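Structure data follow from final-v9.cif (mmCIF, N, CA and C atoms):
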data_data
loop_
_atom_site.label_atom_id
_atom_site.label_comp_id
_atom_site.auth_asym_id
_atom_site.auth_seq_id
_atom_site.Cartn_x
_atom_site.Cartn_y
_atom_site.Cartn_z
N MET I 270 0.84 -1.18 0.00
CA MET I 270 0.00 0.00 0.00
C MET I 270 0.89 1.24 0.00
N THR I 271 0.58 2.20 -0.87
CA THR I 271 1.42 3.39 -0.96
C THR I 271 0.93 4.44 0.03
N GLU I 272 1.88 5.18 0.55
CA GLU I 272 1.55 6.23 1.49
C GLU I 272 1.12 7.47 0.73
N GLU I 273 0.05 8.12 1.18
CA GLU I 273 -0.44 9.32 0.52
C GLU I 273 0.45 10.50 0.88
N LYS I 274 0.79 11.31 -0.13
CA LYS I 274 1.63 12.48 0.09
C LYS I 274 0.81 13.56 0.80
N PRO I 275 1.44 14.30 1.72
CA PRO I 275 0.72 15.41 2.35
C PRO I 275 0.45 16.50 1.32
N ARG I 276 -0.71 17.13 1.43
CA ARG I 276 -1.06 18.20 0.50
C ARG I 276 -0.34 19.48 0.91
N PRO I 277 0.06 20.30 -0.07
CA PRO I 277 0.70 21.59 0.27
C PRO I 277 -0.25 22.46 1.10
N ALA I 278 0.31 23.29 1.97
CA ALA I 278 -0.48 24.16 2.84
C ALA I 278 -1.39 25.08 2.03
N ALA I 279 -0.88 25.61 0.92
CA ALA I 279 -1.70 26.49 0.09
C ALA I 279 -2.94 25.76 -0.44
N GLN I 280 -2.78 24.51 -0.80
CA GLN I 280 -3.91 23.74 -1.30
C GLN I 280 -4.94 23.52 -0.20
N ARG I 281 -4.48 23.18 0.99
CA ARG I 281 -5.41 22.97 2.12
C ARG I 281 -6.14 24.27 2.48
N THR I 282 -5.44 25.39 2.35
CA THR I 282 -6.01 26.68 2.71
C THR I 282 -7.07 27.15 1.71
N PHE I 283 -6.77 27.04 0.43
CA PHE I 283 -7.66 27.60 -0.59
C PHE I 283 -8.75 26.65 -1.08
N GLU I 284 -8.62 25.36 -0.82
CA GLU I 284 -9.59 24.40 -1.35
C GLU I 284 -11.03 24.70 -0.91
N PRO I 285 -11.30 25.01 0.38
CA PRO I 285 -12.70 25.30 0.75
C PRO I 285 -13.28 26.51 -0.01
N VAL I 286 -12.47 27.53 -0.22
CA VAL I 286 -12.93 28.71 -0.96
C VAL I 286 -13.18 28.32 -2.42
N ALA I 287 -12.24 27.60 -3.00
CA ALA I 287 -12.38 27.18 -4.40
C ALA I 287 -13.62 26.31 -4.58
N ARG I 288 -13.86 25.39 -3.66
CA ARG I 288 -15.05 24.52 -3.78
C ARG I 288 -16.34 25.32 -3.75
N SER I 289 -16.40 26.38 -2.96
CA SER I 289 -17.64 27.16 -2.86
C SER I 289 -17.87 28.06 -4.08
N LEU I 290 -16.81 28.47 -4.78
CA LEU I 290 -16.94 29.37 -5.92
C LEU I 290 -16.83 28.69 -7.27
N ALA I 291 -16.17 27.56 -7.33
CA ALA I 291 -15.87 26.89 -8.60
C ALA I 291 -17.14 26.50 -9.35
N GLY I 292 -17.12 26.77 -10.65
CA GLY I 292 -18.22 26.38 -11.53
C GLY I 292 -19.36 27.37 -11.60
N ARG I 293 -19.33 28.39 -10.78
CA ARG I 293 -20.42 29.38 -10.75
C ARG I 293 -20.35 30.27 -12.00
N ARG I 294 -21.52 30.63 -12.48
CA ARG I 294 -21.61 31.46 -13.68
C ARG I 294 -20.89 32.79 -13.50
N TRP I 295 -20.98 33.36 -12.34
CA TRP I 295 -20.42 34.68 -12.08
C TRP I 295 -18.96 34.63 -11.62
N PHE I 296 -18.35 33.45 -11.60
CA PHE I 296 -16.95 33.34 -11.20
C PHE I 296 -16.19 32.49 -12.20
N PRO I 297 -15.81 33.06 -13.37
CA PRO I 297 -15.24 32.26 -14.45
C PRO I 297 -13.81 31.78 -14.23
N LEU I 298 -13.15 32.23 -13.17
CA LEU I 298 -11.78 31.80 -12.93
C LEU I 298 -11.71 30.32 -12.54
N TRP I 299 -12.65 29.85 -11.74
CA TRP I 299 -12.60 28.48 -11.23
C TRP I 299 -13.70 27.61 -11.83
N ALA I 300 -13.36 26.36 -12.02
CA ALA I 300 -14.29 25.36 -12.54
C ALA I 300 -14.19 24.11 -11.68
N VAL I 301 -15.05 23.14 -11.95
CA VAL I 301 -15.00 21.85 -11.27
C VAL I 301 -14.83 20.77 -12.33
N VAL I 302 -13.80 19.96 -12.18
CA VAL I 302 -13.56 18.83 -13.08
C VAL I 302 -14.20 17.60 -12.46
N HIS I 303 -15.13 16.98 -13.19
CA HIS I 303 -15.78 15.75 -12.74
C HIS I 303 -15.08 14.59 -13.44
N HIS I 304 -14.49 13.70 -12.65
CA HIS I 304 -13.71 12.59 -13.22
C HIS I 304 -13.86 11.36 -12.35
N HIS I 305 -13.38 10.23 -12.86
CA HIS I 305 -13.44 8.94 -12.16
C HIS I 305 -12.03 8.48 -11.85
N GLY I 306 -11.87 7.87 -10.69
CA GLY I 306 -10.57 7.30 -10.34
C GLY I 306 -10.20 6.21 -11.34
N ARG I 307 -8.97 6.23 -11.81
CA ARG I 307 -8.58 5.26 -12.85
C ARG I 307 -8.45 3.85 -12.29
N ARG I 308 -8.23 3.69 -11.01
CA ARG I 308 -8.16 2.35 -10.40
C ARG I 308 -9.43 2.03 -9.63
N SER I 309 -9.90 2.99 -8.85
CA SER I 309 -11.03 2.74 -7.95
C SER I 309 -12.39 2.92 -8.63
N GLY I 310 -12.44 3.75 -9.67
CA GLY I 310 -13.71 4.06 -10.31
C GLY I 310 -14.54 5.06 -9.51
N THR I 311 -14.01 5.56 -8.42
CA THR I 311 -14.70 6.52 -7.58
C THR I 311 -14.92 7.83 -8.33
N ASP I 312 -16.10 8.44 -8.15
CA ASP I 312 -16.39 9.74 -8.76
C ASP I 312 -15.77 10.84 -7.92
N TYR I 313 -15.13 11.79 -8.59
CA TYR I 313 -14.50 12.93 -7.93
C TYR I 313 -14.95 14.23 -8.58
N ALA I 314 -14.95 15.30 -7.81
CA ALA I 314 -15.21 16.66 -8.30
C ALA I 314 -14.09 17.53 -7.75
N THR I 315 -13.20 17.98 -8.62
CA THR I 315 -12.01 18.70 -8.22
C THR I 315 -12.07 20.15 -8.68
N PRO I 316 -11.98 21.12 -7.75
CA PRO I 316 -11.95 22.52 -8.17
C PRO I 316 -10.61 22.87 -8.79
N VAL I 317 -10.65 23.60 -9.90
CA VAL I 317 -9.44 23.98 -10.63
C VAL I 317 -9.57 25.42 -11.12
N ALA I 318 -8.45 26.02 -11.46
CA ALA I 318 -8.44 27.36 -12.05
C ALA I 318 -8.27 27.21 -13.56
N VAL I 319 -9.18 27.79 -14.31
CA VAL I 319 -9.14 27.75 -15.77
C VAL I 319 -8.37 28.98 -16.27
N VAL I 320 -7.47 28.75 -17.21
CA VAL I 320 -6.66 29.83 -17.78
C VAL I 320 -7.24 30.19 -19.15
N PRO I 321 -7.56 31.45 -19.37
CA PRO I 321 -8.09 31.86 -20.68
C PRO I 321 -7.10 31.58 -21.82
N THR I 322 -7.63 31.06 -22.91
CA THR I 322 -6.80 30.75 -24.08
C THR I 322 -7.25 31.58 -25.27
N ALA I 323 -6.36 31.73 -26.24
CA ALA I 323 -6.70 32.42 -27.48
C ALA I 323 -7.63 31.57 -28.33
N ASP I 324 -7.52 30.25 -28.21
CA ASP I 324 -8.32 29.31 -28.98
C ASP I 324 -9.51 28.86 -28.14
N LYS I 325 -10.71 29.31 -28.49
CA LYS I 325 -11.92 29.02 -27.71
C LYS I 325 -12.30 27.53 -27.71
N SER I 326 -11.68 26.72 -28.57
CA SER I 326 -12.01 25.29 -28.58
C SER I 326 -11.21 24.53 -27.52
N LEU I 327 -10.31 25.22 -26.81
CA LEU I 327 -9.47 24.58 -25.81
C LEU I 327 -9.81 25.07 -24.40
N ILE I 328 -9.63 24.19 -23.45
CA ILE I 328 -9.68 24.55 -22.03
C ILE I 328 -8.31 24.23 -21.47
N LEU I 329 -7.72 25.21 -20.81
CA LEU I 329 -6.37 25.08 -20.27
C LEU I 329 -6.43 25.23 -18.75
N ILE I 330 -5.85 24.26 -18.05
CA ILE I 330 -5.83 24.26 -16.59
C ILE I 330 -4.39 24.07 -16.14
N GLY I 331 -3.89 25.04 -15.39
CA GLY I 331 -2.53 24.94 -14.87
C GLY I 331 -2.43 23.85 -13.81
N LEU I 332 -1.25 23.28 -13.69
CA LEU I 332 -1.00 22.22 -12.71
C LEU I 332 0.08 22.69 -11.72
N PRO I 333 -0.30 23.58 -10.79
CA PRO I 333 0.71 24.13 -9.87
C PRO I 333 1.32 23.09 -8.94
N TRP I 334 0.64 21.97 -8.69
CA TRP I 334 1.17 20.94 -7.79
C TRP I 334 1.92 19.85 -8.55
N GLY I 335 2.07 20.02 -9.86
CA GLY I 335 2.87 19.09 -10.65
C GLY I 335 2.07 18.34 -11.70
N THR I 336 2.78 17.80 -12.68
CA THR I 336 2.15 17.11 -13.80
C THR I 336 1.72 15.68 -13.46
N THR I 337 2.04 15.22 -12.26
CA THR I 337 1.61 13.88 -11.85
C THR I 337 0.43 13.94 -10.88
N THR I 338 -0.26 15.06 -10.87
CA THR I 338 -1.44 15.23 -10.03
C THR I 338 -2.47 14.16 -10.41
N ASN I 339 -3.04 13.50 -9.39
CA ASN I 339 -3.95 12.38 -9.65
C ASN I 339 -5.15 12.74 -10.51
N TRP I 340 -5.77 13.89 -10.25
CA TRP I 340 -6.96 14.21 -11.04
C TRP I 340 -6.59 14.35 -12.52
N ALA I 341 -5.44 14.93 -12.82
CA ALA I 341 -5.02 15.09 -14.22
C ALA I 341 -4.74 13.73 -14.85
N LYS I 342 -4.09 12.84 -14.11
CA LYS I 342 -3.83 11.49 -14.63
C LYS I 342 -5.14 10.75 -14.87
N ASN I 343 -6.14 10.95 -14.00
CA ASN I 343 -7.45 10.32 -14.19
C ASN I 343 -8.12 10.82 -15.47
N VAL I 344 -8.05 12.11 -15.72
CA VAL I 344 -8.68 12.70 -16.91
C VAL I 344 -8.01 12.19 -18.18
N VAL I 345 -6.69 12.12 -18.18
CA VAL I 345 -5.96 11.61 -19.34
C VAL I 345 -6.30 10.13 -19.57
N ALA I 346 -6.34 9.34 -18.51
CA ALA I 346 -6.65 7.91 -18.63
C ALA I 346 -8.07 7.69 -19.18
N ALA I 347 -9.00 8.57 -18.81
CA ALA I 347 -10.39 8.43 -19.27
C ALA I 347 -10.63 9.10 -20.62
N ASP I 348 -9.62 9.77 -21.16
CA ASP I 348 -9.72 10.50 -22.43
C ASP I 348 -10.76 11.61 -22.39
N GLY I 349 -10.87 12.27 -21.22
CA GLY I 349 -11.75 13.41 -21.10
C GLY I 349 -12.46 13.46 -19.77
N ALA I 350 -13.24 14.53 -19.59
CA ALA I 350 -13.99 14.72 -18.36
C ALA I 350 -15.10 15.72 -18.63
N THR I 351 -16.00 15.84 -17.68
CA THR I 351 -17.00 16.89 -17.72
C THR I 351 -16.51 18.00 -16.81
N ILE I 352 -16.59 19.23 -17.30
CA ILE I 352 -16.15 20.39 -16.52
C ILE I 352 -17.34 21.32 -16.34
N THR I 353 -17.62 21.65 -15.08
CA THR I 353 -18.64 22.64 -14.78
C THR I 353 -17.93 23.98 -14.71
N TRP I 354 -18.26 24.86 -15.65
CA TRP I 354 -17.56 26.13 -15.77
C TRP I 354 -18.54 27.19 -16.25
N LYS I 355 -18.51 28.33 -15.62
CA LYS I 355 -19.42 29.43 -15.94
C LYS I 355 -20.87 28.99 -15.87
N GLY I 356 -21.16 28.12 -14.90
CA GLY I 356 -22.53 27.69 -14.66
C GLY I 356 -23.06 26.61 -15.59
N ARG I 357 -22.22 26.06 -16.46
CA ARG I 357 -22.67 25.02 -17.41
C ARG I 357 -21.71 23.85 -17.40
N ASP I 358 -22.25 22.66 -17.68
CA ASP I 358 -21.42 21.47 -17.85
C ASP I 358 -20.92 21.42 -19.28
N ARG I 359 -19.62 21.16 -19.43
CA ARG I 359 -19.01 21.07 -20.75
C ARG I 359 -18.26 19.74 -20.85
N ASN I 360 -18.52 19.00 -21.90
CA ASN I 360 -17.79 17.76 -22.12
C ASN I 360 -16.48 18.07 -22.82
N THR I 361 -15.44 17.35 -22.44
CA THR I 361 -14.13 17.56 -23.04
C THR I 361 -13.57 16.23 -23.51
N SER I 362 -12.58 16.32 -24.39
CA SER I 362 -11.92 15.12 -24.91
C SER I 362 -10.47 15.43 -25.22
N ALA I 363 -9.74 14.43 -25.61
CA ALA I 363 -8.34 14.53 -26.04
C ALA I 363 -7.46 15.31 -25.06
N PRO I 364 -7.51 14.98 -23.77
CA PRO I 364 -6.67 15.70 -22.83
C PRO I 364 -5.20 15.34 -23.01
N ARG I 365 -4.36 16.33 -22.77
CA ARG I 365 -2.92 16.05 -22.79
C ARG I 365 -2.23 16.98 -21.82
N ILE I 366 -1.21 16.46 -21.20
CA ILE I 366 -0.42 17.24 -20.27
C ILE I 366 0.74 17.86 -21.04
N VAL I 367 0.92 19.16 -20.88
CA VAL I 367 1.95 19.89 -21.61
C VAL I 367 2.89 20.57 -20.62
N ASP I 368 4.07 20.92 -21.10
CA ASP I 368 5.03 21.61 -20.24
C ASP I 368 4.66 23.09 -20.15
N ALA I 369 5.37 23.80 -19.30
CA ALA I 369 5.07 25.21 -19.05
C ALA I 369 5.21 26.08 -20.30
N ALA I 370 6.19 25.79 -21.13
CA ALA I 370 6.40 26.60 -22.33
C ALA I 370 5.21 26.48 -23.30
N GLU I 371 4.75 25.25 -23.53
CA GLU I 371 3.60 25.08 -24.43
C GLU I 371 2.34 25.67 -23.83
N ALA I 372 2.14 25.48 -22.54
CA ALA I 372 0.96 26.05 -21.86
C ALA I 372 0.97 27.57 -22.00
N SER I 373 2.12 28.16 -21.81
CA SER I 373 2.26 29.61 -21.93
C SER I 373 1.90 30.08 -23.34
N ASP I 374 2.31 29.34 -24.34
CA ASP I 374 2.00 29.70 -25.74
C ASP I 374 0.49 29.64 -26.01
N LEU I 375 -0.23 28.75 -25.33
CA LEU I 375 -1.66 28.60 -25.56
C LEU I 375 -2.50 29.64 -24.81
N ALA I 376 -1.94 30.19 -23.74
CA ALA I 376 -2.68 31.13 -22.90
C ALA I 376 -2.74 32.52 -23.51
N LYS I 377 -3.73 33.29 -23.08
CA LYS I 377 -3.78 34.69 -23.46
C LYS I 377 -2.57 35.39 -22.83
N PRO I 378 -2.07 36.45 -23.47
CA PRO I 378 -0.82 37.08 -23.01
C PRO I 378 -0.76 37.45 -21.53
N LEU I 379 -1.83 37.93 -20.97
CA LEU I 379 -1.84 38.35 -19.57
C LEU I 379 -1.52 37.20 -18.60
N PHE I 380 -1.79 35.97 -19.00
CA PHE I 380 -1.64 34.81 -18.11
C PHE I 380 -0.36 34.01 -18.36
N ARG I 381 0.38 34.37 -19.36
CA ARG I 381 1.58 33.60 -19.72
C ARG I 381 2.64 33.60 -18.62
N PHE I 382 2.79 34.71 -17.95
CA PHE I 382 3.78 34.83 -16.88
C PHE I 382 3.52 33.78 -15.78
N VAL I 383 2.27 33.62 -15.40
CA VAL I 383 1.91 32.66 -14.34
C VAL I 383 2.19 31.23 -14.80
N LEU I 384 1.82 30.89 -16.01
CA LEU I 384 2.00 29.52 -16.50
C LEU I 384 3.46 29.13 -16.65
N ARG I 385 4.31 30.09 -16.95
CA ARG I 385 5.74 29.78 -17.07
C ARG I 385 6.35 29.33 -15.75
N ARG I 386 5.69 29.65 -14.65
CA ARG I 386 6.18 29.28 -13.33
C ARG I 386 5.61 27.97 -12.81
N MET I 387 4.71 27.38 -13.54
CA MET I 387 4.12 26.10 -13.15
C MET I 387 4.87 24.96 -13.82
N PRO I 388 4.80 23.77 -13.22
CA PRO I 388 5.47 22.61 -13.84
C PRO I 388 4.84 22.20 -15.18
N GLY I 389 3.56 22.54 -15.38
CA GLY I 389 2.89 22.17 -16.62
C GLY I 389 1.41 22.52 -16.54
N ALA I 390 0.65 21.99 -17.48
CA ALA I 390 -0.79 22.24 -17.54
C ALA I 390 -1.45 21.08 -18.27
N ILE I 391 -2.77 21.02 -18.19
CA ILE I 391 -3.52 20.04 -18.97
C ILE I 391 -4.39 20.82 -19.96
N VAL I 392 -4.39 20.36 -21.20
CA VAL I 392 -5.16 20.97 -22.27
C VAL I 392 -6.25 19.98 -22.67
N LEU I 393 -7.49 20.47 -22.75
CA LEU I 393 -8.62 19.64 -23.15
C LEU I 393 -9.34 20.32 -24.31
N HIS I 394 -9.91 19.53 -25.18
CA HIS I 394 -10.71 20.05 -26.29
C HIS I 394 -12.17 20.05 -25.88
N ARG I 395 -12.85 21.17 -26.14
CA ARG I 395 -14.29 21.22 -25.89
C ARG I 395 -15.00 20.41 -26.96
N GLU I 396 -16.02 19.69 -26.56
CA GLU I 396 -16.80 18.92 -27.53
C GLU I 396 -17.99 19.74 -27.98
#
Just dump the structure as structure tokens.
Amino acid sequence: MTEEKPRPAAQRTFEPVARSLAGRRWFPLWAVVHHHGRRSGTDYATPVAVVPTADKSLILIGLPWGTTTNWAKNVVAADGATITWKGRDRNTSAPRIVDAAEASDLAKPLFRFVLRRMPGAIVLHRE
């Protein structure tokens, strides 16, 4: 049995706030990713920050805790997820994890600085 890694303090601090605001129509910064555990099959709802992209067919989510984050691996394994964002459910497909440089190139200019400091991001196509 593997030992679970402790969550970063920032994640523990902001998660309750993110959960209460994520997915709301009037708060477009945060969304909720609905996914299934790749081994357990358990349903999860994970609050995330969506990064605006120049290409409206893409959804970009930074991975500040690393590219091996379980929710991101679950979404890639399932080849997509449902995302509640701006008050609506959106189906996604073809997820891929990208490095900071590629994520920065996909983001709108104002957000590129932040993405360059993250280990990577996940890119999903809107269906």
Residues matched by the PyMOL selection byres ((chain I and resi 386) around 8), written as JSON, numbers by chain: {"I": [332, 333, 369, 370, 381, 382, 383, 384, 385, 387, 388, 389]}
Could you state the separation of atom N of Val345 in chain I and atom C of Arg365 in chain I in Å, given to one decimal place?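 Rounded to one decimal, the two atoms are 7.5 Å apart.
Taking all atoms listed in the file, the non-local environment of Ile352 in chain I within 6.5 Å (same-chain residues fewer than 3 positions away omitted) comprises Ala300, Val301, Val302, His303, Arg357, Asp358, Arg359, Asn360 and Thr361 of chain I.
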How would the residues just chosen look if you wrote them out with N, CA and C atoms as a PDB file, keeping the file's coordinate frame?
ATOM      1  N   ALA I 300     -13.360  26.360 -12.020  1.00  0.00           N
ATOM      2  CA  ALA I 300     -14.290  25.360 -12.540  1.00  0.00           C
ATOM      3  C   ALA I 300     -14.190  24.110 -11.680  1.00  0.00           C
ATOM      4  N   VAL I 301     -15.050  23.140 -11.950  1.00  0.00           N
ATOM      5  CA  VAL I 301     -15.000  21.850 -11.270  1.00  0.00           C
ATOM      6  C   VAL I 301     -14.830  20.770 -12.330  1.00  0.00           C
ATOM      7  N   VAL I 302     -13.800  19.960 -12.180  1.00  0.00           N
ATOM      8  CA  VAL I 302     -13.560  18.830 -13.080  1.00  0.00           C
ATOM      9  C   VAL I 302     -14.200  17.600 -12.460  1.00  0.00           C
ATOM     10  N   HIS I 303     -15.130  16.980 -13.190  1.00  0.00           N
ATOM     11  CA  HIS I 303     -15.780  15.750 -12.740  1.00  0.00           C
ATOM     12  C   HIS I 303     -15.080  14.590 -13.440  1.00  0.00           C
ATOM     13  N   ARG I 357     -22.220  26.060 -16.460  1.00  0.00           N
ATOM     14  CA  ARG I 357     -22.670  25.020 -17.410  1.00  0.00           C
ATOM     15  C   ARG I 357     -21.710  23.850 -17.400  1.00  0.00           C
ATOM     16  N   ASP I 358     -22.250  22.660 -17.680  1.00  0.00           N
ATOM     17  CA  ASP I 358     -21.420  21.470 -17.850  1.00  0.00           C
ATOM     18  C   ASP I 358     -20.920  21.420 -19.280  1.00  0.00           C
ATOM     19  N   ARG I 359     -19.620  21.160 -19.430  1.00  0.00           N
ATOM     20  CA  ARG I 359     -19.010  21.070 -20.750  1.00  0.00           C
ATOM     21  C   ARG I 359     -18.260  19.740 -20.850  1.00  0.00           C
ATOM     22  N   ASN I 360     -18.520  19.000 -21.900  1.00  0.00           N
ATOM     23  CA  ASN I 360     -17.790  17.760 -22.120  1.00  0.00           C
ATOM     24  C   ASN I 360     -16.480  18.070 -22.820  1.00  0.00           C
ATOM     25  N   THR I 361     -15.440  17.350 -22.440  1.00  0.00           N
ATOM     26  CA  THR I 361     -14.130  17.560 -23.040  1.00  0.00           C
ATOM     27  C   THR I 361     -13.570  16.230 -23.510  1.00  0.00           C
TER      28      THR I 361
END
Could you give me, as number ranges by chain, the residues that sit within 9 Å of (-7.8, 16.5, -15.5) in the file's coordinates, counting only C-alpha atoms? I: 302-304, 315, 330, 338-345, 349-350, 364-366, 391-393
Pick from I:Leu298, I:Asp374, I:Ala346, I:Arg308: nearest to Ala323 in chain I, with all atoms listed in the file counted?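 Under the stated criterion, the closest residue is I:Asp374.
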Per-residue DSSP, range 334-373 of chain I, filtered to strand (DSSP E or B), as a PyMOL selection string: chain I and resi 351-354+357-368
